[in-house]
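Student: Pasting target30.txt here (compact mmCIF, C-alpha atoms and all ligand atoms):
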```txt
# COMPACT_ATOMS: atom_id res chain seq x y z
CA MET E 336 63.06 10.23 18.61
CA SER E 337 64.85 9.59 15.35
CA GLU E 338 63.95 11.15 12.04
CA TRP E 339 62.13 7.98 11.02
CA ILE E 340 58.95 6.65 12.53
CA SER E 341 58.22 2.93 12.78
CA LEU E 342 54.86 1.18 12.67
CA GLU E 343 55.55 0.02 16.24
CA GLN E 344 55.84 3.63 17.45
CA ILE E 345 52.61 4.57 15.67
CA ASP E 346 50.78 1.55 17.08
CA GLU E 347 52.09 2.23 20.57
CA ALA E 348 50.33 5.61 20.45
CA ALA E 349 47.21 4.19 18.79
CA ASN E 350 46.91 1.39 21.35
CA TYR E 351 47.38 3.84 24.21
CA LEU E 352 44.60 6.05 22.83
CA ARG E 353 42.29 3.06 22.28
CA GLY E 354 42.58 2.36 25.99
CA ARG E 355 41.55 5.91 26.90
CA LEU E 356 38.89 6.71 24.32
CA PRO E 357 35.16 6.09 24.86
CA PHE E 358 34.73 4.94 21.23
CA GLN E 359 36.53 4.63 17.94
CA PRO E 360 36.54 8.01 16.18
CA THR E 361 35.82 8.09 12.45
CA VAL E 362 36.69 11.69 11.58
CA GLY E 363 40.00 13.37 12.38
CA VAL E 364 40.37 17.14 12.55
CA ILE E 365 43.60 19.13 12.78
CA LEU E 366 43.21 22.69 14.00
CA GLY E 367 45.81 25.23 12.94
CA SER E 368 47.24 28.38 14.52
CA GLY E 369 44.67 30.38 16.44
CA LEU E 370 41.87 27.92 15.61
CA GLY E 371 42.21 25.52 18.56
CA GLU E 372 39.26 26.84 20.53
CA ILE E 373 36.90 25.05 18.13
CA ALA E 374 37.63 21.87 20.09
CA GLU E 375 36.16 23.46 23.25
CA LEU E 376 32.70 23.16 21.68
CA ILE E 377 32.55 19.39 21.88
CA PRO E 378 30.25 18.38 24.74
CA ASN E 379 31.39 15.59 27.11
CA SER E 380 34.69 15.33 25.31
CA VAL E 381 37.75 13.46 26.47
CA ALA E 382 40.90 15.59 26.16
CA ILE E 383 44.28 13.90 26.20
CA PRO E 384 47.36 16.15 26.41
CA PHE E 385 49.87 15.33 23.70
CA ASN E 386 52.59 14.81 26.31
CA GLU E 387 50.69 11.81 27.68
CA ILE E 388 50.52 10.03 24.31
CA PRO E 389 53.58 7.85 23.56
CA ASN E 390 55.82 9.25 20.81
CA TRP E 391 53.42 12.13 19.98
CA PRO E 392 55.37 15.26 18.90
CA GLN E 393 54.94 18.28 21.18
CA SER E 394 54.04 21.66 19.71
CA THR E 395 56.31 24.52 20.68
CA VAL E 396 54.43 27.41 19.03
CA GLU E 397 52.11 29.89 20.67
CA GLY E 398 48.53 29.43 19.48
CA HIS E 399 48.77 25.64 19.55
CA LYS E 400 47.22 24.03 22.61
CA GLY E 401 48.54 20.51 22.45
CA ARG E 402 45.65 18.15 23.20
CA LEU E 403 43.69 15.49 21.38
CA VAL E 404 39.99 16.12 22.00
CA VAL E 405 37.62 13.25 21.29
CA GLY E 406 33.85 13.42 21.38
CA GLU E 407 30.65 13.51 19.36
CA PHE E 408 30.04 16.57 17.21
CA GLU E 409 27.08 16.91 14.85
CA GLY E 410 26.47 13.18 14.93
CA GLN E 411 30.08 12.25 14.15
CA LYS E 412 32.71 10.67 16.37
CA VAL E 413 35.59 13.10 15.99
CA ALA E 414 39.19 13.20 17.17
CA ILE E 415 40.44 16.78 17.09
CA SER E 416 44.11 17.63 17.29
CA GLN E 417 44.26 21.03 18.98
CA GLY E 418 47.45 22.15 17.36
CA ARG E 419 50.11 20.47 15.25
CA VAL E 420 53.85 20.46 14.84
CA HIS E 421 55.70 21.97 11.90
CA TYR E 422 58.91 21.15 10.11
CA TYR E 423 60.40 24.50 11.16
CA GLU E 424 60.15 23.48 14.83
CA GLY E 425 62.89 20.98 14.16
CA TYR E 426 60.78 17.89 13.61
CA SER E 427 61.35 15.58 10.66
CA MET E 428 58.59 15.29 8.09
CA ALA E 429 57.85 11.78 9.37
CA GLN E 430 57.36 13.21 12.87
CA VAL E 431 55.16 16.04 11.54
CA VAL E 432 52.69 13.49 10.14
CA PHE E 433 52.82 11.15 13.17
CA PRO E 434 49.33 12.25 14.34
CA VAL E 435 47.86 11.46 10.91
CA ARG E 436 49.46 8.02 11.01
CA VAL E 437 47.99 7.36 14.44
CA MET E 438 44.56 8.53 13.28
CA LYS E 439 44.81 6.13 10.35
CA ARG E 440 45.68 3.23 12.67
CA LEU E 441 42.74 4.21 14.91
CA GLY E 442 40.48 3.56 11.92
CA ILE E 443 39.84 7.18 10.95
CA GLN E 444 38.85 7.41 7.28
CA THR E 445 38.19 11.13 6.90
CA LEU E 446 40.58 13.94 7.75
CA ILE E 447 39.71 17.62 7.98
CA VAL E 448 42.80 19.85 8.03
CA THR E 449 42.75 23.55 8.81
CA ASN E 450 45.47 26.16 8.90
CA ALA E 451 46.21 29.85 9.05
CA ALA E 452 47.57 31.09 5.74
CA GLY E 453 48.74 34.25 4.06
CA ALA E 454 46.76 35.54 1.07
CA VAL E 455 48.62 35.32 -2.21
CA HIS E 456 45.51 35.86 -4.33
CA PRO E 457 45.14 39.66 -4.53
CA GLU E 458 41.41 39.62 -3.69
CA PHE E 459 41.67 37.53 -0.53
CA GLU E 460 41.37 39.43 2.76
CA PRO E 461 42.28 38.61 6.36
CA GLY E 462 39.33 36.80 7.94
CA ASP E 463 38.37 35.02 4.69
CA LEU E 464 38.07 31.24 4.54
CA MET E 465 39.49 29.33 1.59
CA LEU E 466 38.50 25.84 0.56
CA ILE E 467 41.70 24.11 -0.52
CA THR E 468 40.91 22.56 -3.91
CA ASP E 469 44.49 21.46 -4.53
CA HIS E 470 47.98 22.17 -3.24
CA LEU E 471 51.45 22.91 -4.49
CA ASN E 472 53.93 20.68 -2.71
CA LEU E 473 56.92 22.97 -3.13
CA ILE E 474 58.81 21.56 -0.14
CA GLY E 475 58.02 18.06 -1.36
CA MET E 476 59.41 18.87 -4.80
CA ALA E 477 62.55 20.01 -3.03
CA GLY E 478 62.79 16.61 -1.32
CA LEU E 479 61.03 17.05 2.02
CA SER E 480 58.41 14.32 1.92
CA PRO E 481 56.93 12.53 4.94
CA LEU E 482 57.02 9.40 2.76
CA ARG E 483 60.80 9.46 2.28
CA GLY E 484 62.53 6.36 3.58
CA ALA E 485 61.43 2.76 3.67
CA ASN E 486 57.75 2.53 2.81
CA ILE E 487 55.56 1.12 5.57
CA ASP E 488 53.36 -1.12 3.45
CA GLU E 489 50.77 -1.49 6.22
CA LEU E 490 50.10 2.26 5.88
CA GLY E 491 49.96 2.67 2.12
CA PRO E 492 51.72 2.19 -1.23
CA ARG E 493 55.24 3.28 -2.16
CA PHE E 494 53.99 5.66 -4.88
CA PRO E 495 50.63 7.03 -3.80
CA ASP E 496 48.35 8.80 -6.26
CA MET E 497 47.74 12.49 -5.55
CA SER E 498 45.44 13.28 -8.47
CA GLN E 499 42.52 13.97 -6.14
CA ALA E 500 44.16 14.99 -2.90
CA TYR E 501 41.11 16.93 -1.71
CA ASP E 502 37.94 14.87 -1.83
CA ARG E 503 35.40 16.28 -4.27
CA GLN E 504 32.37 15.30 -2.26
CA LEU E 505 33.80 16.83 0.92
CA CYS E 506 34.56 20.04 -1.03
CA GLU E 507 30.94 20.07 -2.16
CA PHE E 508 29.75 19.57 1.43
CA ALA E 509 31.88 22.55 2.49
CA ARG E 510 30.42 24.72 -0.28
CA GLN E 511 26.88 23.75 0.72
CA ALA E 512 27.60 24.35 4.41
CA ALA E 513 29.06 27.78 3.67
CA ALA E 514 26.14 28.73 1.43
CA GLU E 515 23.50 27.73 3.96
CA SER E 516 25.22 29.88 6.61
CA HIS E 517 25.77 32.78 4.16
CA ILE E 518 29.53 32.54 4.58
CA LEU E 519 31.83 33.57 1.76
CA LEU E 520 34.04 30.56 1.04
CA ARG E 521 36.93 31.33 -1.26
CA GLU E 522 38.56 28.50 -3.19
CA GLY E 523 42.13 28.06 -4.23
CA ILE E 524 45.52 26.43 -4.20
CA TYR E 525 47.51 26.23 -0.97
CA ILE E 526 51.27 26.19 -1.07
CA CYS E 527 53.44 24.98 1.78
CA LEU E 528 56.85 26.48 2.49
CA ALA E 529 59.17 25.37 5.26
CA GLY E 530 59.22 28.73 7.07
CA PRO E 531 59.54 30.00 9.75
CA SER E 532 60.43 33.32 8.13
CA PHE E 533 57.56 34.86 6.21
CA GLU E 534 57.97 35.50 2.47
CA THR E 535 59.81 38.31 0.78
CA PRO E 536 57.92 40.27 -1.89
CA ALA E 537 59.93 38.40 -4.53
CA ASP E 538 58.98 35.06 -2.95
CA LEU E 539 55.34 36.07 -3.12
CA ARG E 540 55.47 37.18 -6.75
CA PHE E 541 57.02 33.79 -7.54
CA LEU E 542 54.33 31.93 -5.60
CA ARG E 543 51.59 33.85 -7.40
CA GLN E 544 53.15 33.12 -10.77
CA ILE E 545 53.28 29.40 -10.12
CA GLY E 546 49.61 29.35 -9.18
CA ALA E 547 49.33 29.69 -5.40
CA ASP E 548 46.39 31.49 -3.77
CA ALA E 549 47.39 31.05 -0.14
CA VAL E 550 50.69 30.28 1.57
CA GLY E 551 51.46 28.55 4.85
CA MET E 552 53.87 26.28 6.67
CA SER E 553 51.80 23.14 7.24
CA THR E 554 49.03 20.89 5.90
CA VAL E 555 50.68 19.55 2.72
CA PRO E 556 52.79 16.92 4.56
CA GLU E 557 49.72 15.83 6.56
CA VAL E 558 47.57 15.58 3.44
CA THR E 559 50.30 13.59 1.70
CA ALA E 560 50.37 11.11 4.59
CA ALA E 561 46.58 10.98 4.74
CA ARG E 562 46.30 10.21 1.01
CA HIS E 563 49.08 7.65 1.36
CA GLY E 564 46.80 6.01 3.91
CA GLY E 565 43.74 6.25 1.65
CA MET E 566 41.93 8.78 3.85
CA ARG E 567 39.48 11.29 2.36
CA VAL E 568 40.65 14.83 2.96
CA LEU E 569 39.00 18.22 3.35
CA GLY E 570 41.25 21.26 3.73
CA ILE E 571 40.28 24.78 4.78
CA SER E 572 42.61 27.75 5.18
CA GLY E 573 41.81 30.74 7.34
CA ILE E 574 43.35 33.76 5.64
CA SER E 575 45.19 35.62 8.37
CA ASN E 576 47.10 38.27 6.47
CA LYS E 577 47.69 39.88 3.11
CA ALA E 578 50.77 38.93 1.16
CA ASN E 579 53.54 41.44 1.48
CA LEU E 580 53.78 42.02 -2.25
CA ASP E 581 54.67 45.68 -2.09
CA GLY E 582 57.28 45.35 0.64
CA ASN E 583 55.35 47.79 2.84
CA THR E 584 53.26 45.32 4.81
CA ILE E 585 54.74 43.58 7.82
CA THR E 586 53.46 40.12 8.77
CA THR E 587 53.52 39.05 12.42
CA HIS E 588 52.51 35.91 14.30
CA GLU E 589 50.23 38.07 16.50
CA GLU E 590 48.35 39.12 13.36
CA VAL E 591 47.93 35.46 12.44
CA LEU E 592 46.49 34.62 15.89
CA GLN E 593 44.26 37.73 15.86
CA ALA E 594 42.74 36.78 12.49
CA GLY E 595 42.07 33.31 13.90
CA ARG E 596 39.56 34.90 16.26
CA MET E 597 37.65 36.35 13.28
CA ILE E 598 37.82 33.10 11.36
CA VAL E 599 36.74 30.70 14.13
CA PRO E 600 32.96 31.41 14.14
CA ASN E 601 32.64 30.90 10.37
CA LEU E 602 34.89 27.86 10.38
CA ILE E 603 32.76 26.31 13.12
CA GLN E 604 29.64 26.76 10.98
CA ILE E 605 31.28 25.12 8.00
CA LEU E 606 32.65 22.23 10.07
CA ARG E 607 29.22 21.66 11.59
CA GLY E 608 27.62 21.63 8.14
CA VAL E 609 30.20 19.22 6.74
CA LEU E 610 29.95 16.82 9.71
CA ARG E 611 26.16 16.88 9.53
CA ARG E 612 26.29 15.98 5.86
CA LEU E 613 28.76 13.19 6.54
CA ALA E 614 26.49 11.83 9.26
CA ASP E 615 23.53 11.84 6.85
CA GLN E 616 25.43 9.74 4.33
CA PRO E 617 24.07 6.22 3.89
N1 LIG T 1 53.11 33.13 5.10
C1 LIG T 1 53.38 31.87 5.49
N2 LIG T 1 52.70 31.25 6.43
C2 LIG T 1 51.69 31.89 7.01
C3 LIG T 1 51.36 33.21 6.65
C4 LIG T 1 52.11 33.86 5.64
O1 LIG T 1 51.87 35.02 5.27
N3 LIG T 1 50.29 33.57 7.42
C5 LIG T 1 50.01 32.49 8.20
N4 LIG T 1 50.85 31.48 7.96
```
Would you mind writing the file's structure down as structure tokens?
Ligand code: HPA
Tutor:
Amino acid sequence: MSEWISLEQIDEAANYLRGRLPFQPTVGVILGSGLGEIAELIPNSVAIPFNEIPNWPQSTVEGHKGRLVVGEFEGQKVAISQGRVHYYEGYSMAQVVFPVRVMKRLGIQTLIVTNAAGAVHPEFEPGDLMLITDHLNLIGMAGLSPLRGANIDELGPRFPDMSQAYDRQLCEFARQAAAESHILLREGIYICLAGPSFETPADLRFLRQIGADAVGMSTVPEVTAARHGGMRVLGISGISNKANLDGNTITTHEEVLQAGRMIVPNLIQILRGVLRRLADQP
């Protein structure tokens, strides 16, 4: 597959899925590293392996399952991507956001993105959840945008607004859902780096100074594509590790996956609460 994605390639995948799905989903969910098991909760779901969907990028990282799980969850018709691909795997930014494009063409209006992230805020601890209230698109500022290249007008405008990337009402639903389940929900700014190496202490001091609370290697491209397509977005980070500010803490992928197991039960409660509130909307 080339760096660029065409509308035909997106629609080929969307049409294939339409033929296999029991209904049209309205909410898309992307599950990050170590969080994929959430999709196992959906009763009577249809699970389609990514390698059966035309043009769908295949994840190569441990902790990412590689299936699209579709079913009803808390009164909502959801399509859950169990895993994602990242820029560092060798995919282009356009390929990274391919699943979001397909969701958009399937008629999905609301996207919930999750990820595993490192704490940059000094008070955040592994196992915490953080509501993403805004993001720093550092890789985008450096030129790596999923929207680079000819604009596909059928998907969205050339210069999309990003003034409210994370939907205020969905943020409020997440706060309410966390409160009713007595879950501490941190809030903050997520910053996306290309990875795959973790940050140096100097990197992290820089990230803190420019206003980041959590750091990861995903989500921002997907949210950019989702907003380009006019979707409402909710983003939640699972804090998997402390930032290595002092140079004495070593970050490993195993640690990230391990923290996912602590984060999953709370994230499930919040997702349930948000979906229930969405279902209750007139
Ligand atoms: N840095 C970048 N990405 C991450 C981290 C981190 O510390 N933890 C999980 N994803």
Student: In Å, with one decimal, what is the gap from atom O1 of ligand LIG 1 (chain T) to atom CA of E:Ala578?
Tutor: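 It comes out at 5.8 Å.
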Student: Write out as CSV a residue-level contact list of chain E versus ligand LIG 1 (chain T) with cut-off 7 Å: for each qualifying residue the closest pair of atoms and the distance in Å to one decimal, counting all atoms listed in the file, rows sorted by chain and residue number upward.
Tutor:
```
residue,atom,partner,partner_atom,distance
E:Ala451,CA,T:LIG1,C5,4.7
E:Ala452,CA,T:LIG1,C5,3.7
E:Gly453,CA,T:LIG1,O1,3.4
E:Ala454,CA,T:LIG1,O1,6.6
E:Gly530,CA,T:LIG1,C1,6.8
E:Phe533,CA,T:LIG1,N1,4.9
E:Glu534,CA,T:LIG1,N1,6.0
E:Val550,CA,T:LIG1,C1,5.0
E:Gly551,CA,T:LIG1,N2,3.4
E:Met552,CA,T:LIG1,N2,5.1
E:Ser575,CA,T:LIG1,N3,5.6
E:Asn576,CA,T:LIG1,N3,5.8
E:Lys577,CA,T:LIG1,O1,6.8
E:Ala578,CA,T:LIG1,O1,5.8
E:Thr586,CA,T:LIG1,O1,6.4
E:Val591,CA,T:LIG1,C5,5.6
```
Student: With all atoms listed in the file as the counted atoms, please give the residues lying no more than 10 Å from E:Cys527, apart from itself and same-chain residues fewer than 6 positions off, as a ChimeraX atom specification.
Tutor: /E:452,470-475,547,549-556
Student: Using the selection just defined, write its residues with C-alpha atoms as a short mmCIF file (atom, residue, chain, number, x, y, z; two decimals), in the frame of the given file.
Tutor:
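Output file selection08.cif follows:
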```cif
data_model
loop_
_atom_site.label_atom_id
_atom_site.label_comp_id
_atom_site.auth_asym_id
_atom_site.auth_seq_id
_atom_site.Cartn_x
_atom_site.Cartn_y
_atom_site.Cartn_z
CA ALA E 452 47.57 31.09 5.74
CA HIS E 470 47.98 22.17 -3.24
CA LEU E 471 51.45 22.91 -4.49
CA ASN E 472 53.93 20.68 -2.71
CA LEU E 473 56.92 22.97 -3.13
CA ILE E 474 58.81 21.56 -0.14
CA GLY E 475 58.02 18.06 -1.36
CA ALA E 547 49.33 29.69 -5.40
CA ALA E 549 47.39 31.05 -0.14
CA VAL E 550 50.69 30.28 1.57
CA GLY E 551 51.46 28.55 4.85
CA MET E 552 53.87 26.28 6.67
CA SER E 553 51.80 23.14 7.24
CA THR E 554 49.03 20.89 5.90
CA VAL E 555 50.68 19.55 2.72
CA PRO E 556 52.79 16.92 4.56
#
```
Student: Hey, can you check how far atom CA of E:Leu352 sits from atom CA of E:Ile373?
Tutor: 21.0 Å
Student: Put the listed atoms of stretch 523-535 of chain E in a box along x, y and z with 5 Å added on every side and give me the centre and edge lengths in Å to one decimal, as AutoDock Vina command-line options.
Tutor:
```
--center_x 51.3 --center_y 31.6 --center_z 2.8 --size_x 28.3 --size_y 23.3 --size_z 24.0
```
Student: Save stretch 356-402 of chain E from what I just supplied, as a PDB file, in the first residue's frame, atoms limited to C-alpha atoms.
Tutor:
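So part.pdb came out as:
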```pdb
ATOM      1  CA  LEU E 356     -22.041  -6.437  10.096  1.00  0.00           C
ATOM      2  CA  PRO E 357     -25.460  -7.081  11.658  1.00  0.00           C
ATOM      3  CA  PHE E 358     -26.201  -3.331  11.821  1.00  0.00           C
ATOM      4  CA  GLN E 359     -24.681   0.071  11.253  1.00  0.00           C
ATOM      5  CA  PRO E 360     -22.564   1.026  14.277  1.00  0.00           C
ATOM      6  CA  THR E 361     -22.816   4.581  15.580  1.00  0.00           C
ATOM      7  CA  VAL E 362     -19.952   4.692  18.082  1.00  0.00           C
ATOM      8  CA  GLY E 363     -16.354   3.764  17.285  1.00  0.00           C
ATOM      9  CA  VAL E 364     -13.871   2.782  19.981  1.00  0.00           C
ATOM     10  CA  ILE E 365     -10.116   2.340  19.591  1.00  0.00           C
ATOM     11  CA  LEU E 366      -8.445   0.330  22.338  1.00  0.00           C
ATOM     12  CA  GLY E 367      -4.779   0.976  23.039  1.00  0.00           C
ATOM     13  CA  SER E 368      -1.907  -1.164  24.312  1.00  0.00           C
ATOM     14  CA  GLY E 369      -2.972  -3.656  26.953  1.00  0.00           C
ATOM     15  CA  LEU E 370      -6.605  -2.493  26.850  1.00  0.00           C
ATOM     16  CA  GLY E 371      -7.957  -4.805  24.123  1.00  0.00           C
ATOM     17  CA  GLU E 372      -9.718  -7.219  26.441  1.00  0.00           C
ATOM     18  CA  ILE E 373     -12.489  -4.651  26.951  1.00  0.00           C
ATOM     19  CA  ALA E 374     -13.902  -5.793  23.611  1.00  0.00           C
ATOM     20  CA  GLU E 375     -14.404  -9.325  25.007  1.00  0.00           C
ATOM     21  CA  LEU E 376     -17.262  -7.969  27.144  1.00  0.00           C
ATOM     22  CA  ILE E 377     -19.595  -7.332  24.244  1.00  0.00           C
ATOM     23  CA  PRO E 378     -22.262 -10.049  24.156  1.00  0.00           C
ATOM     24  CA  ASN E 379     -23.149 -11.644  20.791  1.00  0.00           C
ATOM     25  CA  SER E 380     -20.493  -9.608  19.064  1.00  0.00           C
ATOM     26  CA  VAL E 381     -19.190 -10.114  15.554  1.00  0.00           C
ATOM     27  CA  ALA E 382     -15.376 -10.064  15.455  1.00  0.00           C
ATOM     28  CA  ILE E 383     -13.638  -9.490  12.148  1.00  0.00           C
ATOM     29  CA  PRO E 384      -9.847  -9.987  12.059  1.00  0.00           C
ATOM     30  CA  PHE E 385      -8.086  -6.996  10.554  1.00  0.00           C
ATOM     31  CA  ASN E 386      -6.388  -9.231   7.985  1.00  0.00           C
ATOM     32  CA  GLU E 387      -9.776 -10.028   6.441  1.00  0.00           C
ATOM     33  CA  ILE E 388     -10.694  -6.364   5.896  1.00  0.00           C
ATOM     34  CA  PRO E 389      -9.430  -4.938   2.576  1.00  0.00           C
ATOM     35  CA  ASN E 390      -6.589  -2.417   2.971  1.00  0.00           C
ATOM     36  CA  TRP E 391      -6.799  -2.416   6.807  1.00  0.00           C
ATOM     37  CA  PRO E 392      -3.313  -1.931   8.352  1.00  0.00           C
ATOM     38  CA  GLN E 393      -2.077  -4.855  10.455  1.00  0.00           C
ATOM     39  CA  SER E 394      -0.721  -4.237  13.951  1.00  0.00           C
ATOM     40  CA  THR E 395       2.710  -5.664  14.644  1.00  0.00           C
ATOM     41  CA  VAL E 396       2.999  -4.833  18.362  1.00  0.00           C
ATOM     42  CA  GLU E 397       2.444  -7.145  21.292  1.00  0.00           C
ATOM     43  CA  GLY E 398      -0.634  -6.135  23.286  1.00  0.00           C
ATOM     44  CA  HIS E 399      -2.652  -5.336  20.172  1.00  0.00           C
ATOM     45  CA  LYS E 400      -5.075  -8.059  19.143  1.00  0.00           C
ATOM     46  CA  GLY E 401      -6.047  -7.026  15.650  1.00  0.00           C
ATOM     47  CA  ARG E 402      -9.820  -7.436  15.338  1.00  0.00           C
TER      48      ARG E 402
END
```
